[in-house]
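K.L.:
Below is model-v1.cif; it holds mmCIF, C-alpha atoms.
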```cif
data_data
loop_
_atom_site.label_atom_id
_atom_site.label_comp_id
_atom_site.auth_asym_id
_atom_site.auth_seq_id
_atom_site.Cartn_x
_atom_site.Cartn_y
_atom_site.Cartn_z
CA MET A 1 -15.46 -16.33 18.93
CA ILE A 2 -16.53 -12.69 18.66
CA ILE A 3 -14.88 -10.99 21.65
CA TYR A 4 -15.66 -7.32 21.06
CA THR A 5 -17.72 -5.23 18.64
CA ALA A 6 -17.75 -1.49 18.00
CA ILE A 7 -19.42 0.83 15.51
CA GLY A 8 -17.73 4.18 14.93
CA ARG A 9 -18.63 7.22 12.90
CA GLU A 10 -16.36 7.81 9.91
CA ASP A 11 -16.35 11.63 10.16
CA ASP A 12 -14.84 11.99 13.65
CA GLY A 13 -14.11 8.43 14.79
CA ALA A 14 -16.59 8.63 17.66
CA VAL A 15 -17.77 5.29 19.06
CA LEU A 16 -21.55 5.11 18.65
CA VAL A 17 -22.07 1.71 20.25
CA GLU A 18 -19.84 -1.08 21.55
CA SER A 19 -20.33 -4.49 23.09
CA SER A 20 -17.98 -6.95 24.79
CA HIS A 21 -18.40 -10.67 25.40
CA GLU A 22 -19.48 -11.30 28.98
CA GLY A 23 -16.63 -12.32 31.29
CA VAL A 24 -13.84 -11.15 28.95
CA GLU A 25 -11.79 -8.11 29.87
CA GLY A 26 -8.99 -6.29 28.10
CA ASN A 27 -7.81 -2.96 26.75
CA TYR A 28 -9.20 -3.59 23.26
CA PRO A 29 -11.88 -0.84 23.57
CA LEU A 30 -9.00 1.64 23.88
CA ILE A 31 -7.20 0.04 20.93
CA ALA A 32 -10.41 0.15 18.89
CA THR A 33 -10.67 3.88 19.65
CA GLN A 34 -7.11 4.39 18.42
CA LEU A 35 -7.92 2.42 15.29
CA LEU A 36 -11.01 4.54 14.63
CA GLU A 37 -8.94 7.70 14.98
CA LYS A 38 -6.45 6.36 12.45
CA LEU A 39 -9.24 5.44 10.05
CA ARG A 40 -10.70 8.90 10.48
CA ASP A 41 -7.35 10.59 9.76
CA ASP A 42 -6.53 8.36 6.77
CA PRO A 43 -9.72 7.33 4.90
CA CYS A 44 -7.63 5.56 2.25
CA LEU A 45 -6.76 2.81 4.75
CA VAL A 46 -10.21 1.29 4.30
CA PRO A 47 -12.22 2.94 1.49
CA ASN A 48 -16.00 2.86 1.66
CA GLY A 49 -17.29 -0.64 0.93
CA ASN A 50 -13.94 -2.31 1.63
CA ARG A 51 -12.77 -4.50 4.50
CA LYS A 52 -9.41 -5.14 6.14
CA THR A 53 -7.79 -6.81 9.12
CA PHE A 54 -5.55 -4.87 11.50
CA ILE A 55 -3.03 -6.03 14.09
CA HIS A 56 -2.18 -4.40 17.40
CA ARG A 57 0.90 -5.72 19.15
CA GLU A 58 1.04 -4.62 22.79
CA GLU A 59 4.70 -5.55 23.26
CA ASP A 60 5.70 -2.85 20.79
CA LEU A 61 4.11 -0.16 22.93
CA GLU A 62 5.59 -1.61 26.13
CA ASN A 63 9.04 -1.56 24.55
CA GLY A 64 8.70 2.07 23.59
CA GLY A 65 7.36 1.58 20.07
CA SER A 66 5.61 4.38 18.27
CA GLY A 67 2.30 2.54 18.03
CA ASP A 68 1.72 3.84 14.54
CA PHE A 69 0.01 1.79 11.82
CA VAL A 70 2.44 -0.08 9.61
CA ALA A 71 1.32 -1.63 6.33
CA CYS A 72 2.10 -5.29 5.78
CA GLY A 73 0.65 -5.46 2.28
CA GLY A 74 -1.36 -3.72 -0.38
CA SER A 75 -5.03 -3.06 -0.84
CA ASP A 76 -7.38 -5.21 1.25
CA SER A 77 -4.46 -6.79 3.04
CA LEU A 78 -3.24 -7.15 6.61
CA TRP A 79 -2.13 -4.02 8.41
CA GLY A 80 -0.79 -3.56 11.91
CA LEU A 81 -0.64 -1.12 14.79
CA GLY A 82 3.01 -1.35 15.69
CA ALA A 83 3.24 -4.70 13.90
CA SER A 84 6.25 -6.04 12.10
CA ALA A 85 6.02 -5.74 8.34
CA SER A 86 6.89 -9.42 8.02
CA SER A 87 3.75 -10.63 9.82
CA TRP A 88 1.91 -13.23 7.76
CA PHE A 89 -1.50 -12.30 6.38
CA GLY A 90 -4.42 -14.46 7.49
CA GLY A 91 -2.45 -16.67 9.86
CA ALA A 92 -0.93 -16.88 13.29
CA LYS A 93 2.71 -16.89 12.18
CA THR A 94 4.95 -13.94 12.98
CA SER A 95 8.33 -13.04 11.50
CA SER A 96 9.98 -15.47 13.90
CA GLY A 97 7.68 -18.31 12.83
CA ALA A 98 6.16 -18.66 16.30
CA THR A 99 2.45 -18.75 16.99
CA PRO A 100 1.40 -15.64 18.91
CA ALA A 101 -0.94 -15.70 21.86
CA GLY A 102 -4.54 -15.14 20.94
CA SER A 103 -4.27 -17.24 17.78
CA ALA A 104 -6.86 -19.75 16.63
CA GLY A 105 -7.62 -22.22 19.37
CA ALA A 106 -6.89 -19.83 22.25
CA GLY A 107 -9.57 -19.53 24.85
CA ALA A 108 -11.56 -16.45 25.65
CA GLY A 109 -9.56 -15.79 28.79
CA ALA A 110 -6.28 -15.90 26.86
CA ILE A 111 -7.19 -12.98 24.63
CA SER A 112 -6.91 -10.48 27.48
CA ASN A 113 -3.26 -11.41 28.05
CA SER A 114 -2.26 -11.90 24.42
CA LEU A 115 0.26 -9.69 22.66
CA ASP A 116 -1.65 -9.59 19.37
CA HIS A 117 -5.14 -8.22 18.79
CA TYR A 118 -6.69 -8.88 15.39
CA PHE A 119 -9.38 -6.35 14.50
CA HIS A 120 -11.58 -6.91 11.44
CA VAL A 121 -12.95 -3.71 9.89
CA LEU A 122 -15.78 -3.12 7.42
CA HIS A 123 -16.39 0.38 6.07
CA GLY A 124 -20.08 1.07 5.51
CA GLU A 125 -21.98 4.23 4.76
CA SER A 126 -21.05 6.87 7.38
CA ALA A 127 -19.68 4.24 9.79
CA PHE A 128 -16.92 1.74 10.49
CA TYR A 129 -17.87 -1.71 11.81
CA ILE A 130 -15.19 -3.37 13.92
CA CYS A 131 -14.99 -6.74 15.63
CA LEU A 132 -12.28 -8.56 17.58
CA SER A 133 -12.17 -12.33 17.25
CA ASP A 134 -9.97 -14.87 19.02
CA ASP A 135 -9.09 -16.58 15.72
CA THR A 136 -6.49 -14.73 13.69
CA GLY A 137 -7.35 -15.89 10.20
CA ARG A 138 -8.72 -19.41 10.17
CA GLN A 139 -12.33 -18.13 10.02
CA THR A 140 -11.86 -14.68 8.57
CA GLY A 141 -14.88 -15.16 6.31
CA VAL A 142 -17.12 -15.75 9.36
CA ASN A 143 -15.89 -12.53 10.96
CA PHE A 144 -16.63 -10.46 7.87
CA SER A 145 -19.97 -12.18 7.43
CA TYR A 146 -20.79 -11.08 10.96
CA LEU A 147 -19.81 -7.51 10.11
CA GLU A 148 -21.90 -7.60 6.94
CA ASP A 149 -24.97 -8.65 8.96
CA LEU A 150 -24.15 -6.02 11.56
CA ARG A 151 -23.99 -3.33 8.89
CA ARG A 152 -27.30 -4.49 7.41
CA ASP A 153 -29.08 -4.34 10.79
CA PHE A 154 -27.52 -1.02 11.83
CA ALA A 155 -28.13 0.71 8.47
CA GLY A 156 -31.68 -0.61 8.47
CA LYS A 157 -32.37 1.04 11.82
CA TYR A 158 -30.42 4.29 11.51
CA THR A 159 -30.22 6.63 8.53
CA PRO A 160 -26.92 8.32 7.62
CA ASN A 161 -28.35 11.59 8.94
CA LYS A 162 -29.02 10.02 12.36
CA ILE A 163 -25.55 8.52 12.40
CA ILE A 164 -23.95 11.88 11.69
CA ARG A 165 -26.00 13.69 14.37
CA ALA A 166 -25.72 11.06 17.11
CA ASN A 167 -23.68 11.64 20.28
CA ALA A 168 -20.78 9.39 21.22
CA TYR A 169 -22.19 6.13 22.68
CA GLY A 170 -25.63 7.58 22.00
CA MET A 171 -26.85 4.36 20.38
CA SER A 172 -25.51 1.92 22.99
CA LYS A 173 -28.74 1.47 24.90
CA ALA A 174 -30.88 0.98 21.80
CA PHE A 175 -28.59 -1.13 19.64
CA ARG A 176 -26.32 -3.04 22.04
CA PRO A 177 -28.89 -5.82 22.58
CA ALA A 178 -29.00 -6.38 18.81
CA ILE A 179 -25.20 -6.70 18.72
CA GLU A 180 -25.19 -9.15 21.64
CA LYS A 181 -27.88 -11.26 19.98
CA LEU A 182 -26.08 -11.34 16.63
CA ALA A 183 -22.68 -12.06 18.23
CA HIS A 184 -24.22 -14.87 20.30
CA HIS A 185 -25.73 -16.39 17.15
CA TYR A 186 -22.36 -16.35 15.38
CA ASN A 187 -20.48 -17.69 18.40
CA VAL A 188 -22.89 -20.59 18.92
CA ASN A 189 -23.08 -21.53 15.23
CA ARG A 190 -19.54 -20.56 14.26
CA GLU A 191 -18.38 -23.97 13.06
CA ASP A 192 -21.51 -24.52 10.98
CA MET A 193 -21.36 -21.02 9.53
CA ALA A 194 -17.76 -21.61 8.43
CA THR A 195 -19.17 -23.94 5.74
CA ASP A 196 -21.94 -21.56 4.68
CA GLN A 197 -21.74 -20.61 1.00
CA ARG A 198 -21.76 -16.88 1.69
CA VAL A 199 -18.96 -17.26 4.25
CA LEU A 200 -16.98 -19.47 1.88
CA HIS A 201 -17.40 -16.82 -0.80
CA LEU A 202 -16.04 -14.15 1.55
CA SER A 203 -13.14 -16.43 2.50
CA SER A 204 -12.34 -17.07 -1.16
CA GLN A 205 -12.35 -13.31 -1.77
CA VAL A 206 -9.86 -12.88 1.06
CA ASP A 207 -7.67 -15.64 -0.38
CA ASP A 208 -7.88 -14.07 -3.83
CA LEU A 209 -6.86 -10.72 -2.37
CA LYS A 210 -3.89 -12.34 -0.62
CA ASN A 211 -2.84 -13.87 -3.92
CA VAL A 212 -3.21 -10.52 -5.67
CA VAL A 213 -1.11 -8.86 -2.98
CA GLY A 214 1.56 -11.54 -3.40
CA LYS A 215 1.58 -11.03 -7.16
CA ASN A 216 1.74 -7.25 -6.72
CA ILE A 217 4.72 -7.58 -4.40
CA SER A 218 6.43 -9.87 -6.93
CA MET A 219 5.70 -7.38 -9.70
CA VAL A 220 7.11 -4.55 -7.59
CA LEU A 221 10.30 -6.56 -7.01
CA GLN A 222 10.56 -7.36 -10.72
CA ARG A 223 9.92 -3.73 -11.53
CA GLY A 224 12.72 -2.80 -9.14
CA GLU A 225 15.07 -5.14 -10.98
CA SER A 226 13.96 -3.69 -14.34
CA ILE A 227 14.54 -0.16 -13.09
CA GLY A 228 18.01 -1.19 -11.92
CA GLN A 229 18.79 -2.66 -15.33
CA LEU A 230 17.48 0.47 -17.05
CA ALA A 231 19.61 2.63 -14.76
CA THR A 232 22.69 0.57 -15.64
CA LYS A 233 21.92 0.83 -19.37
CA SER A 234 21.32 4.56 -18.99
CA GLU A 235 24.70 5.02 -17.31
CA GLN A 236 26.38 2.96 -20.04
CA MET A 237 24.66 4.99 -22.76
CA GLU A 238 25.71 8.20 -21.03
CA ALA A 239 29.32 6.97 -20.92
CA ASP A 240 29.15 5.95 -24.59
CA ALA A 241 27.71 9.35 -25.49
CA SER A 242 30.58 11.06 -23.67
CA VAL A 243 33.14 8.97 -25.57
CA PHE A 244 31.37 9.66 -28.88
CA LYS A 245 31.34 13.39 -28.16
CA LYS A 246 35.02 13.35 -27.34
CA ARG A 247 35.88 11.41 -30.48
CA SER A 248 33.69 13.64 -32.65
CA THR A 249 35.43 16.72 -31.27
CA THR A 250 38.85 15.24 -32.03
CA LEU A 251 37.73 14.26 -35.53
CA LYS A 252 36.33 17.72 -36.11
CA LYS A 253 39.65 19.33 -35.18
CA LYS A 254 41.54 16.89 -37.40
CA MET A 255 39.25 17.62 -40.37
CA TRP A 256 39.68 21.37 -39.78
CA TRP A 257 43.45 21.05 -39.96
CA GLU A 258 43.20 18.87 -43.06
CA ASN A 259 40.98 21.46 -44.76
CA LEU A 260 43.36 24.26 -43.73
CA LYS A 261 46.34 22.41 -45.20
CA MET A 262 44.45 21.66 -48.42
CA ASN A 263 43.26 25.25 -48.81
CA THR A 264 46.75 26.61 -48.12
CA THR A 265 48.26 24.26 -50.64
CA LEU A 266 45.62 25.19 -53.22
CA ILE A 267 46.25 28.92 -52.70
CA MET A 268 50.00 28.44 -53.06
CA VAL A 269 49.49 26.48 -56.29
CA VAL A 270 47.22 29.22 -57.73
CA VAL A 271 49.74 31.94 -56.81
CA ALA A 272 52.53 29.93 -58.38
CA ILE A 273 50.54 29.49 -61.60
CA ILE A 274 49.77 33.21 -61.78
CA VAL A 275 53.44 34.10 -61.24
CA PHE A 276 54.51 31.58 -63.84
CA LEU A 277 52.02 32.93 -66.40
CA GLY A 278 53.07 36.47 -65.68
CA LEU A 279 56.68 35.66 -66.20
CA ALA A 280 55.91 33.74 -69.37
CA ILE A 281 53.85 36.58 -70.90
CA CYS A 282 56.21 39.37 -70.01
CA GLY A 283 59.27 37.42 -71.01
CA GLY A 284 61.23 37.86 -67.87
CA GLY A 285 60.56 41.61 -67.37
CA LYS A 286 60.34 42.87 -70.94
CA CYS A 287 56.71 44.04 -70.41
CA LYS A 288 57.90 46.63 -67.97
CA ALA A 289 60.55 47.95 -70.36
CA GLU A 290 58.08 48.41 -73.19
#
```
Rewrite the coordinates I just gave you, this time as structure tokens.
P.N.:
Amino acid sequence: MIIYTAIGREDDGAVLVESSHEGVEGNYPLIATQLLEKLRDDPCLVPNGNRKTFIHREEDLENGGSGDFVACGGSDSLWGLGASASSWFGGAKTSSGATPAGSAGAGAGAISNSLDHYFHVLHGESAFYICLSDDTGRQTGVNFSYLEDLRRDFAGKYTPNKIIRANAYGMSKAFRPAIEKLAHHYNVNREDMATDQRVLHLSSQVDDLKNVVGKNISMVLQRGESIGQLATKSEQMEADASVFKKRSTTLKKKMWWENLKMNTTLIMVVVAIIVFLGLAICGGGKCKAE
């Protein structure tokens, strides 16, 4: 069920219009505002035309957590506000394997006391479209289909220039009834819409993205192993180069001494030959007498 909907401006994160399901209370409007501020400060979280799911875990803030956004995956994956990095994308399992409150099957009243809030975000032209649903991943395609229809209706009524110039909550009175009508339609026909071809296509895209993320993580791990192996080989090559340099230096010194000995011997032989010839020609000193 669609619990809460908000449309925020991408430039400053201001909420232009929001709507909550009747009879359901909670602090998710405040959390949505924090999420919009984070999206404003870091546009790369959800690039224009992309969609993502975010987690907010209240227990982290109560226990003194920072409340900052922590990535649990790569592009178009599950992210969290103070969430553990081991949370499972598209499901209700946490790192402990337990099913958190507010997961699929929880009632509307349970969402206000749950520890986990799952916000689905679609980035359209000049605006972010956000909805909170009480199912954590079982009908993700339905949630994003709802946001796609919401973007179509909102963009059809307001130009980007009007969106940029509008005051905070300045469109609530005019557009909130349209949100309530669309949310009611999706809530009443949710089970039937889960089998709609467009919704199934969106769900398959989400599954494909999860598979891509898994493969990317595996590739990163393999790359880490390859880098480790290359580092080991590099260290071994460096050690071998040091040994080779040492041996070449020793060999160079040895060859120098060998050359010195050979040259000295050759010089001595030449001197001896000259002396011998001189003595032979002069006849043992007779040349001097003559």
K.L.:
Draw an axis-aligned box over all listed atoms of range 131-134 of chain A, pad each side with 8 Å, and write its centre and edge lengths in Å, one decimal, as AutoDock Vina command-line options.
P.N.:
```
--center_x -12.5 --center_y -10.8 --center_z 17.3 --size_x 21.0 --size_y 24.1 --size_z 19.4
```
K.L.:
Find the residues near Leu150 in chain A: any atom within 10 Å, counting only C-alpha atoms, skip ones fewer than 2 places away on the same chain, and give them as a VMD selection string.
P.N.:
chain A and resid 5 7 122 129 to 130 144 to 148 152 to 156 178 to 179 182 to 183
K.L.:
In Å to one decimal, how far is CA of Leu35 in chain A from CA of Val17 in chain A?
P.N.:
15.0 Å
K.L.:
Written as a ChimeraX atom specification, which residues does the PyMOL selection byres ((chain A and resi 8) around 9) give for the file shown?
P.N.:
/A:6-7,9-18,33,36,126-130,168
K.L.:
Within 10 Å of (-16.2, -6.8, 3.1), only C-alpha atoms: residues as a ChimeraX atom specification?
P.N.:
/A:48-52,76,120-124,141,143-145,147-148,202,205-206
K.L.:
Take CA of Thr140 in chain A and CA of Met193 in chain A and report the distance between them in Å, one decimal.
P.N.:
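CA of Thr140 in chain A sits 11.5 Å away from CA of Met193 in chain A.
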K.L.:
Just how far from CA of Met1 in chain A is CA of Thr159 in chain A, in Å to one decimal?
P.N.:
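Between these atoms lies a distance of 29.2 Å.
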K.L.:
Taking all atoms listed in the file into account, which of A:Phe54, A:Leu132, A:Gln34, A:Glu180 comes nearest Glu22 in chain A?
P.N.:
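Going through A:Phe54, A:Leu132, A:Gln34, A:Glu180 one by one, the smallest distance to Glu22 in chain A is for A:Glu180.
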K.L.:
Using only C-alpha atoms, can you tell me which of A:Lys253, A:Arg247, A:Lys261, A:Arg190 comes closest to Gln139 in chain A?
P.N.:
A:Arg190
